[in-house]
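Raw contents of run-v3.cif, mmCIF, C-alpha atoms and all ligand atoms:
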data_my_file
#
loop_
_atom_site.group_PDB
_atom_site.id
_atom_site.type_symbol
_atom_site.label_atom_id
_atom_site.label_comp_id
_atom_site.auth_asym_id
_atom_site.auth_seq_id
_atom_site.Cartn_x
_atom_site.Cartn_y
_atom_site.Cartn_z
ATOM 1 C CA PRO A 246 -3.284 11.014 71.236
ATOM 2 C CA PRO A 247 -4.167 7.400 72.060
ATOM 3 C CA ALA A 248 -2.754 4.863 69.609
ATOM 4 C CA VAL A 249 -6.335 4.113 68.566
ATOM 5 C CA SER A 250 -9.587 5.860 69.363
ATOM 6 C CA LEU A 251 -12.984 4.544 68.253
ATOM 7 C CA SER A 252 -16.040 6.658 68.902
ATOM 8 C CA GLY A 253 -19.591 5.659 68.141
ATOM 9 C CA VAL A 254 -18.369 3.135 65.613
ATOM 10 C CA GLY A 255 -20.926 1.092 63.708
ATOM 11 C CA LYS A 256 -20.439 -1.377 60.889
ATOM 12 C CA ARG A 257 -23.293 -2.775 58.830
ATOM 13 C CA TYR A 258 -23.106 -5.395 56.151
ATOM 14 C CA GLU A 259 -25.818 -6.155 53.644
ATOM 15 C CA ARG A 260 -26.306 -9.825 53.032
ATOM 16 C CA GLY A 261 -29.012 -10.956 50.623
ATOM 17 C CA GLY A 262 -31.127 -7.866 51.270
ATOM 18 C CA GLU A 263 -30.743 -8.303 55.024
ATOM 19 C CA VAL A 264 -28.721 -5.842 57.122
ATOM 20 C CA VAL A 265 -26.239 -7.311 59.611
ATOM 21 C CA ARG A 266 -25.046 -5.033 62.393
ATOM 22 C CA ALA A 267 -21.535 -6.358 62.919
ATOM 23 C CA LEU A 268 -20.661 -3.481 65.287
ATOM 24 C CA ASP A 269 -23.032 -1.060 66.965
ATOM 25 C CA ASP A 270 -21.990 2.166 68.723
ATOM 26 C CA VAL A 271 -18.581 0.939 69.868
ATOM 27 C CA SER A 272 -16.395 3.497 71.666
ATOM 28 C CA LEU A 273 -12.972 2.422 72.852
ATOM 29 C CA ASP A 274 -9.549 4.001 73.327
ATOM 30 C CA LEU A 275 -6.323 2.051 73.168
ATOM 31 C CA PRO A 276 -3.849 4.217 75.103
ATOM 32 C CA ARG A 277 -0.331 4.291 73.761
ATOM 33 C CA GLY A 278 1.596 1.335 75.134
ATOM 34 C CA SER A 279 -1.508 -0.505 76.359
ATOM 35 C CA TYR A 280 -2.121 -4.231 75.929
ATOM 36 C CA THR A 281 -5.748 -5.126 75.213
ATOM 37 C CA ALA A 282 -7.406 -8.426 74.400
ATOM 38 C CA VAL A 283 -10.744 -8.788 72.618
ATOM 39 C CA MET A 284 -12.915 -11.796 73.376
ATOM 40 C CA GLY A 285 -16.389 -12.778 72.270
ATOM 41 C CA PRO A 286 -18.325 -15.590 70.681
ATOM 42 C CA SER A 287 -18.159 -16.306 66.977
ATOM 43 C CA GLY A 288 -19.986 -13.580 65.067
ATOM 44 C CA SER A 289 -19.686 -11.009 67.875
ATOM 45 C CA GLY A 290 -17.672 -8.578 65.716
ATOM 46 C CA LYS A 291 -14.050 -9.305 66.671
ATOM 47 C CA SER A 292 -12.767 -9.521 63.085
ATOM 48 C CA THR A 293 -14.768 -6.491 62.075
ATOM 49 C CA LEU A 294 -13.191 -4.521 64.920
ATOM 50 C CA MET A 295 -9.695 -5.662 63.930
ATOM 51 C CA ASN A 296 -10.327 -4.765 60.295
ATOM 52 C CA LEU A 297 -11.397 -1.250 61.266
ATOM 53 C CA VAL A 298 -8.483 -0.666 63.645
ATOM 54 C CA GLY A 299 -6.122 -2.110 61.017
ATOM 55 C CA CYS A 300 -7.461 0.278 58.348
ATOM 56 C CA LEU A 301 -8.553 -2.632 56.181
ATOM 57 C CA ASP A 302 -12.129 -1.377 56.196
ATOM 58 C CA THR A 303 -14.168 1.771 56.951
ATOM 59 C CA PRO A 304 -16.987 2.150 59.489
ATOM 60 C CA SER A 305 -20.624 2.765 58.503
ATOM 61 C CA ALA A 306 -20.925 5.227 61.407
ATOM 62 C CA GLY A 307 -18.604 6.949 63.858
ATOM 63 C CA THR A 308 -14.894 7.659 63.649
ATOM 64 C CA VAL A 309 -11.686 5.661 63.888
ATOM 65 C CA LEU A 310 -8.536 7.580 64.776
ATOM 66 C CA VAL A 311 -5.199 5.817 64.403
ATOM 67 C CA ASP A 312 -2.324 7.693 66.014
ATOM 68 C CA GLY A 313 -4.538 10.788 65.990
ATOM 69 C CA GLU A 314 -5.402 10.561 62.308
ATOM 70 C CA ASP A 315 -9.017 10.083 61.198
ATOM 71 C CA VAL A 316 -8.996 7.038 58.942
ATOM 72 C CA SER A 317 -12.790 6.668 58.795
ATOM 73 C CA ALA A 318 -13.268 8.504 55.565
ATOM 74 C CA LEU A 319 -10.000 7.847 53.761
ATOM 75 C CA SER A 320 -9.777 6.305 50.296
ATOM 76 C CA ASP A 321 -8.389 2.795 49.868
ATOM 77 C CA ASP A 322 -5.004 4.324 48.997
ATOM 78 C CA GLY A 323 -5.077 6.589 52.014
ATOM 79 C CA ARG A 324 -5.842 3.690 54.298
ATOM 80 C CA ALA A 325 -3.142 1.565 52.701
ATOM 81 C CA ARG A 326 -0.641 4.327 53.449
ATOM 82 C CA ILE A 327 -1.688 4.597 57.114
ATOM 83 C CA ARG A 328 -1.707 0.816 57.417
ATOM 84 C CA GLY A 329 1.829 0.569 56.092
ATOM 85 C CA GLN A 330 3.071 3.251 58.477
ATOM 86 C CA LYS A 331 1.128 2.594 61.653
ATOM 87 C CA VAL A 332 -0.061 -1.016 61.852
ATOM 88 C CA GLY A 333 1.717 -4.339 62.210
ATOM 89 C CA PHE A 334 -0.304 -7.537 61.687
ATOM 90 C CA VAL A 335 0.292 -10.973 63.184
ATOM 91 C CA PHE A 336 -1.988 -13.791 62.022
ATOM 92 C CA GLN A 337 -2.879 -17.256 63.257
ATOM 93 C CA THR A 338 -1.502 -18.719 60.026
ATOM 94 C CA PHE A 339 1.738 -16.649 60.069
ATOM 95 C CA ASN A 340 1.254 -15.516 56.410
ATOM 96 C CA LEU A 341 4.939 -15.589 55.500
ATOM 97 C CA MET A 342 6.195 -15.674 51.915
ATOM 98 C CA PRO A 343 7.356 -19.276 51.375
ATOM 99 C CA ARG A 344 10.148 -18.516 48.914
ATOM 100 C CA LEU A 345 11.721 -15.768 50.984
ATOM 101 C CA THR A 346 14.124 -16.264 53.877
ATOM 102 C CA ALA A 347 13.256 -15.091 57.381
ATOM 103 C CA ARG A 348 15.390 -11.990 56.808
ATOM 104 C CA GLU A 349 13.709 -11.210 53.460
ATOM 105 C CA ASN A 350 10.237 -11.732 54.954
ATOM 106 C CA VAL A 351 10.976 -9.273 57.753
ATOM 107 C CA ALA A 352 12.521 -6.769 55.306
ATOM 108 C CA LEU A 353 9.557 -6.904 52.913
ATOM 109 C CA PRO A 354 7.437 -4.110 54.465
ATOM 110 C CA LEU A 355 10.448 -1.809 54.102
ATOM 111 C CA VAL A 356 10.549 -2.373 50.333
ATOM 112 C CA PHE A 357 7.232 -0.536 50.091
ATOM 113 C CA ARG A 358 8.683 2.356 52.059
ATOM 114 C CA GLY A 359 11.618 2.726 49.690
ATOM 115 C CA VAL A 360 14.288 1.794 52.246
ATOM 116 C CA ASP A 361 17.415 0.664 50.399
ATOM 117 C CA ARG A 362 18.409 -2.966 50.441
ATOM 118 C CA ALA A 363 21.385 -2.832 52.798
ATOM 119 C CA ASP A 364 19.412 -0.860 55.392
ATOM 120 C CA ARG A 365 16.435 -3.201 55.047
ATOM 121 C CA LEU A 366 18.497 -6.284 55.713
ATOM 122 C CA GLU A 367 20.303 -4.670 58.623
ATOM 123 C CA ARG A 368 16.988 -3.680 60.181
ATOM 124 C CA ALA A 369 15.598 -7.199 59.570
ATOM 125 C CA ASP A 370 18.568 -8.743 61.364
ATOM 126 C CA GLU A 371 18.037 -6.429 64.349
ATOM 127 C CA LEU A 372 14.378 -7.407 64.535
ATOM 128 C CA LEU A 373 15.133 -11.121 64.220
ATOM 129 C CA ALA A 374 17.661 -10.763 67.037
ATOM 130 C CA ARG A 375 14.936 -9.200 69.192
ATOM 131 C CA VAL A 376 12.826 -12.352 68.841
ATOM 132 C CA GLY A 377 15.723 -14.745 69.366
ATOM 133 C CA LEU A 378 16.177 -15.871 65.753
ATOM 134 C CA THR A 379 19.663 -14.664 64.931
ATOM 135 C CA ASP A 380 20.657 -18.181 63.931
ATOM 136 C CA ARG A 381 17.675 -18.589 61.563
ATOM 137 C CA THR A 382 17.906 -15.491 59.347
ATOM 138 C CA ASP A 383 18.629 -17.436 56.141
ATOM 139 C CA HIS A 384 16.003 -20.137 56.691
ATOM 140 C CA ARG A 385 12.814 -20.294 54.665
ATOM 141 C CA PRO A 386 9.481 -20.729 56.504
ATOM 142 C CA ASN A 387 9.276 -24.474 55.779
ATOM 143 C CA GLU A 388 12.646 -24.892 57.512
ATOM 144 C CA LEU A 389 11.306 -23.320 60.719
ATOM 145 C CA SER A 390 9.098 -24.607 63.537
ATOM 146 C CA GLY A 391 5.662 -23.108 64.144
ATOM 147 C CA GLY A 392 6.932 -21.001 67.004
ATOM 148 C CA GLN A 393 9.860 -19.759 64.945
ATOM 149 C CA ARG A 394 7.550 -18.848 62.054
ATOM 150 C CA GLN A 395 5.397 -16.827 64.385
ATOM 151 C CA ARG A 396 8.511 -15.053 65.706
ATOM 152 C CA VAL A 397 9.417 -14.137 62.127
ATOM 153 C CA ALA A 398 5.886 -12.793 61.674
ATOM 154 C CA ILE A 399 6.224 -10.707 64.854
ATOM 155 C CA ALA A 400 9.562 -9.314 63.664
ATOM 156 C CA ARG A 401 7.969 -8.458 60.314
ATOM 157 C CA ALA A 402 5.061 -6.727 62.069
ATOM 158 C CA LEU A 403 7.601 -4.471 63.792
ATOM 159 C CA ALA A 404 9.529 -3.533 60.658
ATOM 160 C CA ASN A 405 7.836 -0.160 60.232
ATOM 161 C CA ASP A 406 7.931 0.651 63.937
ATOM 162 C CA PRO A 407 4.116 0.664 64.034
ATOM 163 C CA ALA A 408 1.957 2.587 66.506
ATOM 164 C CA ILE A 409 -0.031 -0.597 67.048
ATOM 165 C CA VAL A 410 0.400 -4.345 66.603
ATOM 166 C CA LEU A 411 -2.752 -6.355 65.876
ATOM 167 C CA ALA A 412 -2.639 -10.064 66.588
ATOM 168 C CA ASP A 413 -5.508 -12.304 65.511
ATOM 169 C CA GLU A 414 -5.394 -15.638 67.409
ATOM 170 C CA PRO A 415 -1.580 -15.615 67.186
ATOM 171 C CA THR A 416 -1.247 -18.824 69.214
ATOM 172 C CA GLY A 417 -4.120 -20.643 67.515
ATOM 173 C CA ASN A 418 -1.892 -22.939 65.461
ATOM 174 C CA LEU A 419 0.705 -23.573 68.168
ATOM 175 C CA ASP A 420 0.955 -26.123 70.941
ATOM 176 C CA ALA A 421 0.448 -24.825 74.477
ATOM 177 C CA GLU A 422 4.120 -24.425 75.345
ATOM 178 C CA THR A 423 5.022 -22.669 72.086
ATOM 179 C CA GLY A 424 1.925 -20.505 72.491
ATOM 180 C CA ARG A 425 3.160 -19.378 75.890
ATOM 181 C CA ALA A 426 6.540 -18.499 74.396
ATOM 182 C CA ILE A 427 4.837 -16.391 71.732
ATOM 183 C CA LEU A 428 2.722 -14.631 74.374
ATOM 184 C CA GLY A 429 6.025 -13.904 76.093
ATOM 185 C CA GLU A 430 7.136 -12.096 72.930
ATOM 186 C CA PHE A 431 4.001 -9.916 73.047
ATOM 187 C CA GLU A 432 4.682 -9.190 76.705
ATOM 188 C CA ARG A 433 8.171 -8.005 75.759
ATOM 189 C CA LEU A 434 6.710 -5.776 73.020
ATOM 190 C CA HIS A 435 4.295 -4.352 75.553
ATOM 191 C CA GLU A 436 7.108 -3.717 78.036
ATOM 192 C CA ALA A 437 9.028 -1.941 75.272
ATOM 193 C CA GLY A 438 6.078 0.440 74.762
ATOM 194 C CA THR A 439 4.279 -1.028 71.749
ATOM 195 C CA THR A 440 0.472 -0.874 71.743
ATOM 196 C CA VAL A 441 -0.905 -4.395 71.366
ATOM 197 C CA LEU A 442 -4.423 -5.529 70.460
ATOM 198 C CA LEU A 443 -4.900 -9.276 70.660
ATOM 199 C CA VAL A 444 -7.955 -11.267 69.610
ATOM 200 C CA SER A 445 -8.481 -14.640 71.238
ATOM 201 C CA HIS A 446 -11.420 -16.809 72.119
ATOM 202 C CA GLU A 447 -9.360 -18.420 74.885
ATOM 203 C CA ARG A 448 -9.540 -16.783 78.267
ATOM 204 C CA HIS A 449 -6.142 -18.010 79.434
ATOM 205 C CA VAL A 450 -4.599 -16.332 76.376
ATOM 206 C CA ALA A 451 -6.572 -13.100 76.792
ATOM 207 C CA GLU A 452 -5.498 -12.884 80.447
ATOM 208 C CA HIS A 453 -1.986 -12.057 79.306
ATOM 209 C CA ALA A 454 -3.302 -8.588 78.410
ATOM 210 C CA GLU A 455 -3.897 -5.678 80.796
ATOM 211 C CA ARG A 456 -7.617 -5.650 80.050
ATOM 212 C CA ILE A 457 -10.169 -7.748 78.253
ATOM 213 C CA VAL A 458 -12.894 -6.226 76.084
ATOM 214 C CA GLN A 459 -15.886 -8.568 75.763
ATOM 215 C CA LEU A 460 -17.904 -8.220 72.576
ATOM 216 C CA ARG A 461 -21.389 -9.617 72.126
ATOM 217 C CA ASP A 462 -23.633 -9.054 69.128
ATOM 218 C CA GLY A 463 -21.471 -6.168 67.959
ATOM 219 C CA GLU A 464 -21.519 -4.296 71.255
ATOM 220 C CA ILE A 465 -19.055 -3.982 74.109
ATOM 221 C CA GLU A 466 -20.563 -6.102 76.843
ATOM 222 C CA GLY A 467 -17.890 -5.302 79.391
ATOM 223 C CA ILE A 468 -14.291 -4.301 79.968
ATOM 224 C CA GLU A 469 -12.332 -6.123 82.620
ATOM 225 C CA GLU A 470 -9.045 -4.883 83.999
ATOM 226 C CA ILE A 471 -6.635 -7.735 84.678
ATOM 227 C CA GLU A 472 -4.750 -7.123 87.900
ATOM 228 C CA GLU A 473 -1.010 -7.171 87.472
ATOM 229 C CA ARG A 474 -0.534 -10.075 89.877
ATOM 230 C CA ARG A 475 -3.213 -12.129 88.108
ATOM 231 C CA ARG A 476 -1.881 -11.563 84.614
ATOM 232 C CA ALA A 477 -0.769 -14.828 83.127
ATOM 233 C CA ALA A 478 3.004 -15.085 83.268
HETATM 234 P P1 LIG B 501 -16.176 -12.592 64.824
HETATM 235 O O1 LIG B 501 -14.841 -12.230 64.308
HETATM 236 O O2 LIG B 501 -16.391 -12.230 66.266
HETATM 237 O O3 LIG B 501 -16.551 -14.023 64.552
HETATM 238 P P2 LIG B 501 -17.172 -10.946 62.635
HETATM 239 O O4 LIG B 501 -16.683 -9.572 62.854
HETATM 240 O O5 LIG B 501 -16.489 -11.804 61.646
HETATM 241 O O6 LIG B 501 -17.264 -11.698 64.052
HETATM 242 O O7 LIG B 501 -18.718 -10.897 62.213
HETATM 243 C C1 LIG B 501 -19.705 -10.101 62.878
HETATM 244 C C2 LIG B 501 -21.029 -10.245 62.131
HETATM 245 O O8 LIG B 501 -20.916 -9.624 60.856
HETATM 246 C C3 LIG B 501 -21.436 -11.689 61.869
HETATM 247 O O9 LIG B 501 -22.852 -11.754 61.924
HETATM 248 C C4 LIG B 501 -20.943 -11.918 60.460
HETATM 249 O O10 LIG B 501 -21.708 -12.923 59.836
HETATM 250 C C5 LIG B 501 -21.147 -10.569 59.822
HETATM 251 N N1 LIG B 501 -20.209 -10.300 58.730
HETATM 252 C C6 LIG B 501 -18.865 -10.183 58.860
HETATM 253 N N2 LIG B 501 -18.303 -9.895 57.679
HETATM 254 C C7 LIG B 501 -19.298 -9.838 56.767
HETATM 255 C C8 LIG B 501 -19.361 -9.559 55.356
HETATM 256 N N3 LIG B 501 -18.272 -9.278 54.652
HETATM 257 N N4 LIG B 501 -20.588 -9.592 54.769
HETATM 258 C C9 LIG B 501 -21.697 -9.834 55.481
HETATM 259 N N5 LIG B 501 -21.716 -10.075 56.806
HETATM 260 C C10 LIG B 501 -20.531 -10.087 57.451
HETATM 261 P P1 LIG B 502 8.747 -24.810 68.554
HETATM 262 O O1 LIG B 502 7.595 -24.509 67.632
HETATM 263 O O2 LIG B 502 9.678 -25.868 67.995
HETATM 264 O O3 LIG B 502 8.350 -25.060 69.953
HETATM 265 P P2 LIG B 502 10.000 -22.402 69.569
HETATM 266 O O4 LIG B 502 9.758 -21.071 68.997
HETATM 267 O O5 LIG B 502 9.397 -22.714 70.882
HETATM 268 O O6 LIG B 502 9.609 -23.477 68.471
HETATM 269 O O7 LIG B 502 11.577 -22.591 69.723
HETATM 270 C C1 LIG B 502 12.366 -23.323 68.829
HETATM 271 C C2 LIG B 502 13.799 -23.259 69.296
HETATM 272 O O8 LIG B 502 14.274 -21.903 69.284
HETATM 273 C C3 LIG B 502 13.943 -23.758 70.723
HETATM 274 O O9 LIG B 502 15.005 -24.686 70.768
HETATM 275 C C4 LIG B 502 14.232 -22.541 71.545
HETATM 276 O O10 LIG B 502 15.185 -22.808 72.559
HETATM 277 C C5 LIG B 502 14.796 -21.553 70.539
HETATM 278 N N1 LIG B 502 14.301 -20.202 70.907
HETATM 279 C C6 LIG B 502 13.025 -19.821 70.926
HETATM 280 N N2 LIG B 502 12.903 -18.572 71.310
HETATM 281 C C7 LIG B 502 14.131 -18.097 71.551
HETATM 282 C C8 LIG B 502 14.649 -16.856 71.988
HETATM 283 N N3 LIG B 502 13.862 -15.790 72.258
HETATM 284 N N4 LIG B 502 15.974 -16.751 72.105
HETATM 285 C C9 LIG B 502 16.764 -17.790 71.836
HETATM 286 N N5 LIG B 502 16.324 -19.003 71.413
HETATM 287 C C10 LIG B 502 15.034 -19.170 71.285
#

Let me see the structure of the file written as structure tokens.
Ligand code: ADP
Ligand code: ADP
Amino acid sequence: PPAVSLSGVGKRYERGGEVVRALDDVSLDLPRGSYTAVMGPSGSGKSTLMNLVGCLDTPSAGTVLVDGEDVSALSDDGRARIRGQKVGFVFQTFNLMPRLTARENVALPLVFRGVDRADRLERADELLARVGLTDRTDHRPNELSGGQRQRVAIARALANDPAIVLADEPTGNLDAETGRAILGEFERLHEAGTTVLLVSHERHVAEHAERIVQLRDGEIEGIEEIEERRRAA
């Protein structure tokens, strides 16, 4: 199955007696190993889409399949289980635990899976090596640069070997050069076969993906394939 399959997905919110259609009849497949960016103006439904794909929320209509499993109608616990197994999150603000070292931050998702301590730390070191942070494993977040923090967050997102990595404006708090380095990390994930879904309001960031999905008023306005030779390096 595709890593993610949305069909006829709608999401409504009620706000002060008024109904907001955050998403309306959205159908979209993310093939395994694909790299997709989502763009759209503020309020177009990007966060809502991420929350549904990330099993943080349920749709009002339609179905969401993650790795072939229908998560649309699962309980909070059921979704938490799928989320822990199938989804890695990378945020604009890194969201690392300040008192934990880089290694402990990366190992944290494995605690919830019952992996024993020695195996967790070994796995964390492997993941930190993948993102070029072997010499920073014992540093706490405040001892790391912005780019290094985001690399720790990427390593953590990979801890459970997820079917999909969701990145919400992952370069938003980084200078241009560091942002490019982080996009290079996503490119490497993509080349290694991970499915990546990236949200950005910046076109030059989104052009690192294989295709750009444009949202407007909760609907897919268009999907643009980015030619290999045009993809940002
Ligand atoms: P984006 O991420 O593109 O800015 P969102 O998905 O956050 O868009 O929002 C889409 C629409 O849904 C907006 O009109 C927003 O105000 C509304 N919305 C989002 N979350 C909620 C919520 N929890 N309650 C009510 N309305 C919401
Ligand atoms: P900054 O936010 O300071 O720009 P970066 O993430 O760009 O942080 O890099 C900080 C330091 O880590 C740099 O000196 C860089 O050479 C080193 N570094 C970054 N990525 C890697 C990598 N993949 N492998 C080895 N060293 C790296």

On this structure, the PyMOL selection byres (((not hetatm)) within 9 of (chain B and resi 502)) would catch which residues? List them as a ChimeraX atom specification, sorted by chain and number.
/A:374-380,389-396,419-420,422-427,429-430

Dump as CSV the rows for residues of chain A within 7 Å of ligand LIG 501 (chain B): closest atom pair and distance in Å with one decimal, all atoms listed in the file counted, ordered by chain and rising residue number.
residue,atom,partner,partner_atom,distance
A:Tyr258,CA,B:LIG501,C9,4.7
A:Glu259,CA,B:LIG501,C9,5.8
A:Arg260,CA,B:LIG501,C9,5.2
A:Val265,CA,B:LIG501,O8,5.9
A:Arg266,CA,B:LIG501,O8,6.4
A:Ala267,CA,B:LIG501,O8,3.9
A:Gly285,CA,B:LIG501,O2,6.0
A:Pro286,CA,B:LIG501,O2,5.9
A:Ser287,CA,B:LIG501,O3,3.7
A:Gly288,CA,B:LIG501,O6,3.5
A:Ser289,CA,B:LIG501,O2,3.9
A:Gly290,CA,B:LIG501,O4,3.2
A:Lys291,CA,B:LIG501,O2,3.8
A:Ser292,CA,B:LIG501,O1,3.6
A:Thr293,CA,B:LIG501,O4,3.7
A:Leu294,CA,B:LIG501,O4,6.5
A:Gly463,CA,B:LIG501,C1,6.7

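Of the residues listed (A:Pro354, A:Pro343, A:Gly261, A:Pro407), A:Pro343 shows the shortest atom-to-atom separation from His384 of chain A; distances use only C-alpha atoms.
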
Starting from the shown file, work through the PyMOL selection byres (((chain A and resi 398) around 9) and not hetatm) and note down what comes out as a short mmCIF file (atom, residue, chain, number, x, y, z; two decimals) with C-alpha atoms, in the frame of the given file.
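As a result, out_35.cif now contains:
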data_model
loop_
_atom_site.label_atom_id
_atom_site.label_comp_id
_atom_site.auth_asym_id
_atom_site.auth_seq_id
_atom_site.Cartn_x
_atom_site.Cartn_y
_atom_site.Cartn_z
CA PHE A 334 -0.30 -7.54 61.69
CA VAL A 335 0.29 -10.97 63.18
CA PHE A 336 -1.99 -13.79 62.02
CA PHE A 339 1.74 -16.65 60.07
CA ASN A 340 1.25 -15.52 56.41
CA LEU A 341 4.94 -15.59 55.50
CA ALA A 347 13.26 -15.09 57.38
CA ASN A 350 10.24 -11.73 54.95
CA VAL A 351 10.98 -9.27 57.75
CA GLN A 393 9.86 -19.76 64.94
CA ARG A 394 7.55 -18.85 62.05
CA GLN A 395 5.40 -16.83 64.39
CA ARG A 396 8.51 -15.05 65.71
CA VAL A 397 9.42 -14.14 62.13
CA ILE A 399 6.22 -10.71 64.85
CA ALA A 400 9.56 -9.31 63.66
CA ARG A 401 7.97 -8.46 60.31
CA ALA A 402 5.06 -6.73 62.07
CA LEU A 403 7.60 -4.47 63.79
#

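Applying the 10 Å criterion to (-18.5, -2.5, 70.9) in file coordinates and using all atoms listed in the file, one obtains the residues A:Leu251, A:Ser252, A:Gly253, A:Val254, A:Gly255, A:Ala267, A:Leu268, A:Asp269, A:Asp270, A:Val271, A:Ser272, A:Leu273, A:Ser289, A:Gly290, A:Lys291, A:Leu294, A:Val458, A:Gln459, A:Leu460, A:Arg461, A:Asp462, A:Gly463, A:Glu464, A:Ile465, A:Glu466, A:Gly467.
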
So how far away is atom CA of Met284 of chain A from atom CA of Asp413 of chain A, in Å?
10.8 Å

Hits of the PyMOL selection byres (((chain A and resi 361-371) around 6) and not hetatm) in this structure, as a PyMOL selection string:
chain A and resi 348+351-352+360+372-374

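The nearest approach to Glu432 of chain A among the residues A:Val332, A:Val450, A:Ile457, A:Val283, with only C-alpha atoms taken into account, belongs to A:Val450.
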